[in-house]
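Below is input18.cif, holding mmCIF, C-alpha atoms.
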data_final
#
loop_
_atom_site.label_atom_id
_atom_site.label_comp_id
_atom_site.auth_asym_id
_atom_site.auth_seq_id
_atom_site.Cartn_x
_atom_site.Cartn_y
_atom_site.Cartn_z
CA MET Z 1 0.00 0.00 0.00
CA ALA Z 2 1.38 3.36 -0.99
CA ARG Z 3 1.88 5.90 1.76
CA SER Z 4 0.07 9.13 1.46
CA PRO Z 5 -0.27 12.05 3.87
CA LYS Z 6 -4.01 11.85 3.32
CA ALA Z 7 -4.24 8.15 4.01
CA THR Z 8 -6.15 8.86 7.19
CA ASP Z 9 -8.95 10.49 5.22
CA ILE Z 10 -10.42 7.15 4.29
CA ASP Z 11 -14.01 7.45 3.30
CA ALA Z 12 -15.29 4.34 5.01
CA ASP Z 13 -18.79 4.89 3.68
CA ALA Z 14 -17.61 4.98 0.08
CA VAL Z 15 -15.59 1.81 0.60
CA ARG Z 16 -18.55 0.11 2.23
CA LYS Z 17 -20.84 1.15 -0.60
CA LEU Z 18 -18.43 -0.16 -3.23
CA ALA Z 19 -17.98 -3.40 -1.31
CA SER Z 20 -21.71 -3.98 -1.15
CA LEU Z 21 -21.98 -3.10 -4.85
CA LEU Z 22 -19.43 -5.84 -5.53
CA GLU Z 23 -21.63 -8.33 -3.74
CA GLU Z 24 -24.75 -7.08 -5.44
CA THR Z 25 -23.35 -7.15 -8.97
CA GLY Z 26 -21.16 -10.22 -8.66
CA LEU Z 27 -18.20 -8.21 -9.99
CA THR Z 28 -14.77 -8.86 -8.58
CA GLU Z 29 -13.47 -5.32 -8.88
CA ILE Z 30 -14.82 -1.79 -9.00
CA GLU Z 31 -12.88 1.39 -9.65
CA TYR Z 32 -14.52 4.69 -8.83
CA THR Z 33 -13.01 7.98 -9.92
CA HIS Z 34 -14.04 11.33 -8.49
CA ASP Z 35 -12.21 14.61 -9.10
CA ASP Z 36 -8.61 14.04 -8.06
CA TRP Z 37 -8.97 10.71 -6.38
CA SER Z 38 -9.95 7.23 -7.35
CA LEU Z 39 -10.77 4.18 -5.35
CA ARG Z 40 -10.55 0.57 -6.40
CA VAL Z 41 -12.12 -2.19 -4.37
CA SER Z 42 -11.37 -5.70 -5.36
CA LYS Z 43 -12.54 -8.99 -3.99
CA GLY Z 44 -10.31 -12.00 -3.47
CA ALA Z 45 -7.17 -9.95 -4.07
CA THR Z 46 -4.70 -9.35 -1.30
CA ALA Z 47 -3.41 -6.13 -2.80
CA VAL Z 48 -5.75 -3.22 -3.19
CA THR Z 49 -4.52 -0.16 -4.99
CA ALA Z 50 -5.73 3.37 -4.89
CA THR Z 51 -4.38 6.65 -6.09
CA ALA Z 52 -4.29 9.96 -4.27
CA PRO Z 53 -5.91 9.36 -0.88
CA VAL Z 54 -5.34 5.71 -0.18
CA ALA Z 55 -8.04 3.39 0.96
CA ILE Z 56 -8.20 -0.32 1.41
CA ALA Z 57 -11.13 -2.63 1.62
CA PRO Z 58 -10.78 -6.19 0.51
CA ALA Z 59 -14.43 -7.11 0.56
CA ALA Z 60 -15.41 -10.29 2.30
CA ASP Z 61 -15.33 -13.25 -0.05
CA ALA Z 62 -17.02 -15.86 2.04
CA PRO Z 63 -17.37 -19.26 0.42
CA ALA Z 64 -20.96 -19.85 -0.62
CA ALA Z 65 -21.34 -22.86 1.58
CA GLU Z 66 -19.00 -22.24 4.47
CA GLN Z 67 -21.71 -22.60 7.03
CA GLY Z 68 -22.87 -26.11 7.59
CA VAL Z 69 -19.98 -27.92 5.90
CA PRO Z 70 -20.09 -31.44 7.34
CA ALA Z 71 -17.04 -32.87 9.09
CA GLY Z 72 -14.66 -34.59 6.71
CA ALA Z 73 -16.12 -32.85 3.67
CA VAL Z 74 -13.98 -32.27 0.59
CA THR Z 75 -15.24 -29.00 -0.89
CA SER Z 76 -15.12 -27.57 -4.40
CA PRO Z 77 -12.22 -25.15 -4.94
CA MET Z 78 -14.06 -23.47 -7.80
CA VAL Z 79 -17.37 -22.74 -9.47
CA GLY Z 80 -18.03 -25.20 -12.26
CA VAL Z 81 -19.54 -28.53 -13.17
CA VAL Z 82 -18.58 -31.67 -11.24
CA TYR Z 83 -17.90 -35.09 -12.75
CA THR Z 84 -17.54 -38.36 -10.86
CA SER Z 85 -15.75 -40.16 -13.72
CA PRO Z 86 -13.03 -39.25 -16.23
CA ASP Z 87 -15.56 -39.55 -19.09
CA PRO Z 88 -19.18 -40.67 -19.41
CA GLU Z 89 -18.24 -44.25 -20.37
CA SER Z 90 -15.79 -44.88 -17.52
CA ALA Z 91 -16.37 -46.01 -13.96
CA ASP Z 92 -16.45 -43.43 -11.18
CA PHE Z 93 -13.10 -42.39 -9.73
CA VAL Z 94 -14.34 -43.51 -6.30
CA LYS Z 95 -17.51 -44.93 -4.77
CA GLU Z 96 -18.82 -44.99 -1.25
CA GLY Z 97 -16.82 -47.36 0.92
CA ASP Z 98 -13.60 -47.03 -1.12
CA THR Z 99 -10.38 -46.36 0.73
CA VAL Z 100 -8.17 -43.71 -0.83
CA LYS Z 101 -4.61 -42.50 -0.41
CA GLU Z 102 -3.64 -38.87 -0.16
CA GLY Z 103 -3.46 -37.45 -3.69
CA ASP Z 104 -5.84 -39.97 -5.28
CA THR Z 105 -8.24 -38.39 -7.76
CA LEU Z 106 -11.78 -38.18 -6.37
CA LEU Z 107 -13.64 -35.97 -8.85
CA LEU Z 108 -13.22 -33.44 -11.66
CA VAL Z 109 -14.59 -29.91 -11.70
CA GLU Z 110 -14.78 -28.18 -15.09
CA ALA Z 111 -14.99 -24.48 -15.77
CA MET Z 112 -14.53 -23.05 -19.28
CA LYS Z 113 -12.98 -26.34 -20.41
CA VAL Z 114 -10.40 -26.33 -17.65
CA PHE Z 115 -10.61 -29.68 -15.93
CA ASN Z 116 -9.43 -29.50 -12.35
CA GLN Z 117 -8.66 -32.73 -10.54
CA ILE Z 118 -10.00 -32.88 -7.02
CA THR Z 119 -7.57 -35.06 -5.11
CA ALA Z 120 -7.83 -36.58 -1.65
CA PRO Z 121 -6.32 -34.16 0.88
CA ARG Z 122 -5.58 -37.13 3.16
CA ALA Z 123 -5.96 -40.91 3.27
CA GLY Z 124 -9.36 -42.19 4.32
CA THR Z 125 -12.59 -43.91 3.42
CA VAL Z 126 -15.20 -42.36 1.14
CA LYS Z 127 -18.24 -42.23 3.36
CA ARG Z 128 -20.62 -40.38 1.04
CA VAL Z 129 -20.56 -38.83 -2.43
CA LEU Z 130 -22.75 -35.73 -2.19
CA VAL Z 131 -22.91 -34.72 -5.86
CA THR Z 132 -24.41 -35.99 -9.12
CA SER Z 133 -22.10 -36.13 -12.12
CA GLY Z 134 -22.67 -33.30 -14.59
CA THR Z 135 -24.28 -30.85 -12.18
CA PRO Z 136 -23.09 -27.33 -11.30
CA VAL Z 137 -21.25 -26.76 -8.04
CA GLU Z 138 -20.45 -23.60 -6.16
CA PHE Z 139 -17.18 -22.54 -4.59
CA GLY Z 140 -16.92 -24.16 -1.15
CA GLU Z 141 -19.73 -26.65 -1.78
CA PRO Z 142 -19.20 -30.03 -0.07
CA LEU Z 143 -18.55 -32.70 -2.73
CA LEU Z 144 -17.94 -35.82 -0.70
CA ILE Z 145 -17.26 -36.96 2.84
CA LEU Z 146 -13.91 -38.55 3.55
CA GLU Z 147 -13.41 -40.23 6.92
CA MET E 1 14.10 -28.65 -41.86
CA ASP E 2 15.49 -26.39 -39.12
CA ALA E 3 14.05 -26.62 -35.64
CA PRO E 4 11.08 -24.27 -35.15
CA ARG E 5 12.07 -20.95 -33.60
CA LEU E 6 10.09 -20.20 -30.48
CA PRO E 7 10.25 -17.40 -27.91
CA SER E 8 12.75 -18.27 -25.16
CA LEU E 9 9.95 -18.94 -22.66
CA PHE E 10 9.39 -22.27 -24.36
CA THR E 11 11.34 -25.50 -23.97
CA LEU E 12 10.39 -27.62 -26.95
CA VAL E 13 9.84 -31.36 -26.58
CA GLU E 14 9.42 -32.73 -30.09
CA LEU E 15 7.89 -36.18 -30.48
CA ASP E 16 7.08 -38.20 -33.56
CA THR E 17 4.17 -39.98 -31.94
CA VAL E 18 2.52 -39.95 -28.50
CA ASP E 19 -0.71 -41.17 -26.92
CA SER E 20 -1.80 -37.61 -26.18
CA THR E 21 0.25 -34.45 -25.76
CA ASN E 22 -1.84 -33.53 -22.70
CA ALA E 23 -1.14 -36.93 -21.12
CA GLU E 24 2.57 -36.64 -21.91
CA ALA E 25 2.68 -33.08 -20.55
CA ARG E 26 0.94 -34.25 -17.38
CA ARG E 27 3.41 -37.12 -16.87
CA ARG E 28 6.27 -34.66 -17.23
CA ALA E 29 4.64 -31.96 -15.07
CA GLU E 30 4.05 -34.42 -12.24
CA GLN E 31 7.81 -35.01 -12.04
CA GLY E 32 8.27 -31.44 -10.84
CA ALA E 33 9.39 -28.02 -11.97
CA GLU E 34 13.02 -29.07 -12.51
CA GLU E 35 12.11 -31.82 -14.93
CA ALA E 36 9.35 -29.87 -16.62
CA PRO E 37 9.72 -26.12 -16.11
CA GLU E 38 7.10 -23.59 -17.04
CA GLY E 39 6.97 -23.23 -20.79
CA THR E 40 7.68 -26.87 -21.58
CA LEU E 41 5.90 -27.38 -24.88
CA VAL E 42 5.17 -30.96 -25.90
CA TRP E 43 4.66 -31.13 -29.67
CA ALA E 44 3.82 -34.37 -31.47
CA ALA E 45 3.47 -35.13 -35.16
CA GLU E 46 0.59 -37.49 -34.38
CA GLN E 47 -1.43 -38.70 -31.40
CA THR E 48 -2.66 -42.26 -30.99
CA ALA E 49 -5.15 -41.37 -28.24
CA GLY E 50 -5.87 -37.67 -28.71
CA ARG E 51 -8.55 -36.43 -26.36
CA GLY E 52 -11.22 -33.77 -26.36
CA ARG E 53 -13.69 -32.70 -23.73
CA ARG E 54 -15.10 -35.47 -21.50
CA GLY E 55 -12.97 -38.24 -22.99
CA ARG E 56 -14.02 -37.62 -26.59
CA THR E 57 -11.57 -38.76 -29.23
CA TRP E 58 -9.58 -36.07 -31.04
CA VAL E 59 -8.69 -37.58 -34.40
CA SER E 60 -4.96 -36.93 -34.76
CA PRO E 61 -3.24 -38.00 -37.98
CA LYS E 62 0.03 -36.46 -39.18
CA GLY E 63 -0.21 -33.05 -40.82
CA ASN E 64 -2.23 -31.35 -38.08
CA PHE E 65 -0.98 -29.49 -35.01
CA TYR E 66 -0.98 -31.13 -31.57
CA ALA E 67 0.76 -29.46 -28.65
CA SER E 68 0.46 -28.99 -24.90
CA ILE E 69 2.15 -26.31 -22.83
CA ILE E 70 3.02 -26.79 -19.17
CA LEU E 71 2.45 -23.65 -17.13
CA ARG E 72 3.24 -23.11 -13.47
CA PRO E 73 1.47 -19.81 -13.02
CA ASP E 74 1.41 -17.85 -9.83
CA VAL E 75 -2.30 -17.16 -10.24
CA PRO E 76 -5.14 -18.50 -8.13
CA LEU E 77 -7.09 -21.48 -9.42
CA ARG E 78 -10.17 -19.29 -9.89
CA ASP E 79 -8.28 -17.45 -12.68
CA ALA E 80 -6.80 -20.55 -14.33
CA ALA E 81 -9.72 -20.76 -16.76
CA GLN E 82 -8.52 -17.47 -18.24
CA PHE E 83 -5.61 -19.35 -19.84
CA GLY E 84 -8.19 -20.94 -22.10
CA PHE E 85 -8.97 -17.50 -23.48
CA VAL E 86 -5.25 -16.69 -23.84
CA ALA E 87 -4.84 -19.90 -25.83
CA SER E 88 -8.00 -19.34 -27.85
CA LEU E 89 -6.90 -15.83 -28.89
CA ALA E 90 -3.39 -17.11 -29.67
CA VAL E 91 -4.75 -19.87 -31.91
CA PHE E 92 -7.13 -17.43 -33.56
CA ASP E 93 -4.36 -14.93 -34.31
CA ALA E 94 -1.95 -17.65 -35.48
CA ILE E 95 -4.63 -18.79 -37.91
CA GLY E 96 -5.33 -15.20 -38.88
CA SER E 97 -1.67 -14.48 -39.60
CA LEU E 98 -1.37 -17.52 -41.89
CA ALA E 99 -4.77 -17.76 -43.54
CA GLN E 100 -5.76 -16.45 -46.95
CA PRO E 101 -7.10 -12.91 -46.88
CA GLY E 102 -10.86 -13.02 -46.58
CA THR E 103 -10.92 -16.14 -44.41
CA GLU E 104 -13.87 -15.84 -42.06
CA ALA E 105 -12.85 -16.93 -38.56
CA HIS E 106 -14.65 -16.66 -35.24
CA THR E 107 -14.28 -17.80 -31.66
CA LYS E 108 -16.83 -20.21 -30.17
CA TRP E 109 -17.38 -20.49 -26.43
CA PRO E 110 -15.45 -21.32 -24.46
CA ASN E 111 -12.30 -21.62 -26.59
CA ASP E 112 -12.85 -23.20 -29.99
CA VAL E 113 -11.94 -21.46 -33.24
CA LEU E 114 -14.18 -21.71 -36.30
CA ILE E 115 -13.53 -21.01 -39.96
CA SER E 116 -16.67 -20.44 -42.04
CA GLY E 117 -18.70 -21.67 -39.07
CA ARG E 118 -16.84 -24.99 -38.82
CA LYS E 119 -14.49 -26.07 -36.06
CA VAL E 120 -10.81 -25.85 -37.00
CA ALA E 121 -9.24 -25.80 -33.52
CA GLY E 122 -9.96 -27.06 -30.03
CA ILE E 123 -8.38 -26.45 -26.65
CA LEU E 124 -8.40 -28.60 -23.52
CA LEU E 125 -6.91 -27.47 -20.22
CA GLU E 126 -6.08 -29.42 -17.10
CA ALA E 127 -5.18 -28.03 -13.70
CA GLN E 128 -3.96 -29.87 -10.67
CA GLY E 129 -2.96 -29.31 -7.11
CA ALA E 130 -4.77 -26.19 -5.91
CA ALA E 131 -6.12 -26.57 -2.40
CA SER E 132 -8.60 -23.72 -2.85
CA ALA E 133 -9.77 -21.14 -5.35
CA ASP E 134 -7.25 -18.69 -3.91
CA ALA E 135 -4.29 -21.07 -4.19
CA PRO E 136 -2.22 -21.49 -7.34
CA PRO E 137 -2.37 -24.90 -9.00
CA ASP E 138 0.85 -26.97 -9.16
CA PHE E 139 0.53 -26.77 -12.90
CA VAL E 140 -1.85 -25.98 -15.73
CA ILE E 141 -1.65 -27.84 -19.03
CA VAL E 142 -2.91 -26.03 -22.11
CA GLY E 143 -3.57 -28.53 -24.89
CA VAL E 144 -4.20 -27.30 -28.43
CA GLY E 145 -5.26 -29.17 -31.54
CA VAL E 146 -5.57 -27.47 -34.92
CA ASN E 147 -6.76 -29.11 -38.13
CA LEU E 148 -4.19 -27.89 -40.62
CA ARG E 149 -4.40 -30.59 -43.28
CA SER E 150 -7.36 -32.83 -42.44
CA PHE E 151 -10.46 -32.94 -40.27
CA PRO E 152 -12.81 -35.62 -38.98
CA GLU E 153 -16.14 -36.09 -40.79
CA ASP E 154 -17.98 -38.00 -38.12
CA VAL E 155 -18.24 -35.40 -35.35
CA GLU E 156 -21.09 -33.69 -33.54
CA PHE E 157 -20.07 -30.18 -34.54
CA PRO E 158 -19.06 -29.77 -38.22
CA ALA E 159 -15.29 -29.48 -38.69
CA THR E 160 -12.91 -28.16 -41.31
CA SER E 161 -9.18 -27.74 -41.88
CA MET E 162 -6.93 -24.87 -42.97
CA LEU E 163 -6.20 -26.76 -46.20
CA ASP E 164 -9.89 -27.24 -46.94
CA GLU E 165 -10.35 -23.51 -46.37
CA GLY E 166 -7.74 -22.78 -48.99
CA THR E 167 -4.51 -22.34 -47.00
CA THR E 168 -1.59 -24.75 -46.89
CA VAL E 169 0.12 -24.46 -43.49
CA LEU E 170 3.07 -26.57 -42.40
CA VAL E 171 3.02 -27.71 -38.79
CA PRO E 172 6.33 -26.05 -37.73
CA GLU E 173 5.15 -22.81 -39.29
CA PHE E 174 1.97 -22.95 -37.21
CA LEU E 175 3.93 -23.82 -34.06
CA GLU E 176 6.14 -20.75 -34.44
CA SER E 177 3.19 -18.46 -35.01
CA PHE E 178 1.18 -19.94 -32.14
CA GLY E 179 4.17 -19.65 -29.77
CA ARG E 180 4.59 -15.96 -30.52
CA HIS E 181 0.89 -15.19 -30.18
CA PHE E 182 0.56 -17.22 -26.97
CA LEU E 183 3.33 -15.16 -25.44
CA ALA E 184 1.81 -11.91 -26.70
CA TRP E 185 -1.63 -12.67 -25.27
CA THR E 186 -0.11 -13.86 -21.98
CA ARG E 187 1.62 -10.47 -21.70
CA ILE E 188 -1.60 -8.61 -22.46
CA TRP E 189 -3.39 -10.65 -19.79
CA VAL E 190 -0.67 -10.02 -17.19
CA ASP E 191 -0.35 -6.30 -18.02
CA GLU E 192 -3.96 -5.39 -18.65
CA GLY E 193 -6.08 -8.06 -17.03
CA PHE E 194 -8.78 -10.44 -18.18
CA GLU E 195 -11.15 -7.68 -19.29
CA ARG E 196 -8.92 -7.00 -22.30
CA LEU E 197 -9.02 -10.69 -23.26
CA ARG E 198 -12.77 -10.81 -22.74
CA LYS E 199 -13.34 -7.88 -25.07
CA ASN E 200 -11.01 -9.25 -27.72
CA TRP E 201 -12.61 -12.66 -27.51
CA LEU E 202 -16.11 -11.19 -27.85
CA TRP E 203 -14.99 -9.09 -30.79
CA ARG E 204 -13.96 -12.29 -32.58
CA CYS E 205 -17.24 -14.06 -31.73
CA ASP E 206 -20.24 -13.77 -34.03
CA GLN E 207 -22.77 -15.53 -31.79
CA VAL E 208 -23.42 -12.72 -29.33
CA GLY E 209 -27.06 -11.69 -29.47
CA LYS E 210 -28.01 -14.83 -31.39
CA GLU E 211 -29.87 -17.96 -30.43
CA VAL E 212 -27.74 -20.96 -29.45
CA ASP E 213 -28.24 -24.39 -27.95
CA VAL E 214 -26.01 -25.28 -25.02
CA ARG E 215 -25.71 -28.96 -24.28
CA LEU E 216 -24.97 -29.56 -20.63
CA ALA E 217 -24.17 -32.97 -19.19
CA ASN E 218 -27.80 -33.66 -18.28
CA GLU E 219 -29.90 -31.20 -20.31
CA THR E 220 -29.88 -28.87 -23.32
CA LEU E 221 -30.67 -25.17 -22.92
CA THR E 222 -31.79 -22.87 -25.70
CA GLY E 223 -31.47 -19.13 -25.42
CA THR E 224 -29.74 -15.96 -26.52
CA PHE E 225 -25.98 -15.67 -26.08
CA LYS E 226 -25.89 -12.43 -24.04
CA ASP E 227 -22.33 -12.00 -22.84
CA LEU E 228 -19.33 -13.43 -21.07
CA ASP E 229 -19.05 -12.65 -17.37
CA ASP E 230 -15.81 -11.52 -15.73
CA SER E 231 -14.69 -15.13 -15.25
CA GLY E 232 -15.38 -16.10 -18.88
CA ALA E 233 -18.63 -17.93 -18.12
CA LEU E 234 -21.35 -17.76 -20.79
CA ILE E 235 -24.44 -15.74 -19.90
CA LEU E 236 -27.45 -17.23 -21.65
CA GLU E 237 -30.88 -15.61 -21.63
CA THR E 238 -33.44 -18.40 -21.58
CA SER E 239 -37.21 -18.25 -21.38
CA SER E 240 -36.87 -18.87 -17.64
CA GLY E 241 -34.25 -16.17 -17.07
CA LEU E 242 -30.50 -15.68 -17.22
CA ARG E 243 -28.25 -18.69 -16.77
CA THR E 244 -24.53 -18.52 -16.11
CA ILE E 245 -22.87 -21.50 -17.76
CA THR E 246 -19.40 -22.73 -16.85
CA ALA E 247 -19.36 -26.00 -18.81
CA GLY E 248 -21.20 -27.17 -21.91
CA ASP E 249 -21.12 -27.48 -25.69
CA VAL E 250 -22.54 -24.67 -27.82
CA PHE E 251 -24.43 -25.48 -31.01
CA PHE E 252 -26.05 -23.15 -33.50
CA PRO E 253 -29.64 -23.72 -34.58
CA GLN E 254 -28.60 -24.43 -38.18
CA SER E 255 -26.32 -27.20 -36.90
CA ARG E 256 -29.15 -28.93 -35.01
CA ASP E 257 -29.38 -32.58 -35.96
CA ALA E 258 -26.24 -32.10 -38.04
#
Is it possible to give me this structure as structure tokens?
Amino acid sequence: MARSPKATDIDADAVRKLASLLEETGLTEIEYTHDDWSLRVSKGATAVTATAPVAIAPAADAPAAEQGVPAGAVTSPMVGVVYTSPDPESADFVKEGDTVKEGDTLLLVEAMKVFNQITAPRAGTVKRVLVTSGTPVEFGEPLLILE
Amino acid sequence: MDAPRLPSLFTLVELDTVDSTNAEARRRAEQGAEEAPEGTLVWAAEQTAGRGRRGRTWVSPKGNFYASIILRPDVPLRDAAQFGFVASLAVFDAIGSLAQPGTEAHTKWPNDVLISGRKVAGILLEAQGAASADAPPDFVIVGVGVNLRSFPEDVEFPATSMLDEGTTVLVPEFLESFGRHFLAWTRIWVDEGFERLRKNWLWRCDQVGKEVDVRLANETLTGTFKDLDDSGALILETSSGLRTITAGDVFFPQSRDA
């Protein structure tokens, strides 16, 4: 963050308004320019830049499903579509009751043709698969329970 | 013939034949950054098990372009999908710089390239190792296939090749052009952000505002292609409202039942 003699003049209201606009619009970044100053609020970023009077406000980026995540849940690291098998003709990567090693592939999540492998964060037994192949998932959504 | 000249970012791995360049790139990437540094580009003259989306076969005889780039980007997983747009624009511009004047090319969501409404190039990306949306993946593999000399007849979406569209392109020539444009679009993305890619991609797309079918895994939606959102997802206006689509296959009404 750049130092500025006017850094104490943070307009908390403006920051709050921009932050709530981010939530409302689903945007990840807003830049607002007014006379000789401008303010940029960005979500998910650790660095927030501003010119002239400096202000910071990384808006909260709470995972959609953080509340109520069951114990042992493996959650989706991204928004996308989940698949339980490498392709429609193949068997599922895992089924309930399977034991897995750390790093074993459990599921795929696709977004814009990027296929992301969801791997086991630890060894364990697949207690429940919570998703249907081919359905959309949100960031932070529980995908399966690993015990 | 001399080895293709690529920007110094790239470390070229040239193979005569391989199962799939994405699979080979993955095997190398999993061995670590020393064995397979960022910019490793696996290029094969032919693939015996070329893959498309969801395990589909990518027909891969000699004469066409098959390559996969290993990236180890310091970007969060949530932004990894943007590499698909970098690659899509790079393929588009490589085609544009080699094609006959007057060739009509467009992008098709999320990252195909069409000539005269037929698919000439496809891209498939794989990411691995990110613990969360905010964490960088261990690696991202950007796989690209371009029909330079031949194309498959028996496919869901009609295909074509550069040759069939009137331009003879040698594979090393395409590789050099693609390498330069991939680097150029990566720089634009890093310097100016995804918005610049989004606008450029939309400018090359002729489906905005038109009716399209989007085949999802379990249903098909019909609606108007409204826009791309700031993550690259397709915004479709259906009779039951706006839908934000992150995965699916786009078809045009005239290609229904094709």
Find the residues of chain Z in contact range of chain E, meaning any atom within 6 Å when counting all atoms listed in the file, and list them as a ChimeraX atom specification. /Z:77-78,80,87,111-117,134
Using the chain letters and numbers from the file, which residues does the PyMOL selection byres ((chain E and resi 174) around 10) grab, as a count of residues only? 20
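Taking only C-alpha atoms into account, the residues near (-12.2, -31.6, -12.7), no farther than 7 Å, are Val82, Tyr83, Leu107, Leu108, Val109, Glu110, Phe115, Asn116, Gln117 and Ile118 of chain Z.
Here CA of Ser150 (chain E) and CA of Leu163 (chain E) stand 7.2 Å from one another.
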Nearby residues, (4.4, -41.4, -32.6) file frame, 9 Å, only C-alpha atoms, as an MDAnalysis selection string: chainID E and resid 15:19 44:48
Grab the residues selected above and save them as a short mmCIF file (atom, residue, chain, number, x, y, z; two decimals), in the frame of the given file with C-alpha atoms.
data_model
loop_
_atom_site.label_atom_id
_atom_site.label_comp_id
_atom_site.auth_asym_id
_atom_site.auth_seq_id
_atom_site.Cartn_x
_atom_site.Cartn_y
_atom_site.Cartn_z
CA LEU E 15 7.89 -36.18 -30.48
CA ASP E 16 7.08 -38.20 -33.56
CA THR E 17 4.17 -39.98 -31.94
CA VAL E 18 2.52 -39.95 -28.50
CA ASP E 19 -0.71 -41.17 -26.92
CA ALA E 44 3.82 -34.37 -31.47
CA ALA E 45 3.47 -35.13 -35.16
CA GLU E 46 0.59 -37.49 -34.38
CA GLN E 47 -1.43 -38.70 -31.40
CA THR E 48 -2.66 -42.26 -30.99
#
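By only C-alpha atoms, and with residues fewer than 5 positions from Cys205 (chain E) along its chain excluded, the set lying at most 7 Å from it is His106, Thr107 and Lys108 of chain E.
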Could you tell me how far CA of Phe151 (chain E) sits from CA of Gly102 (chain E), in Å to one decimal place? 20.9 Å
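Comparing the minimum interatomic distances between Leu106 (chain Z) and each of Z:Thr84, Z:Thr125, Z:Ser76, Z:Ser133, counting all atoms listed in the file, we find that Z:Thr84 sits nearest.
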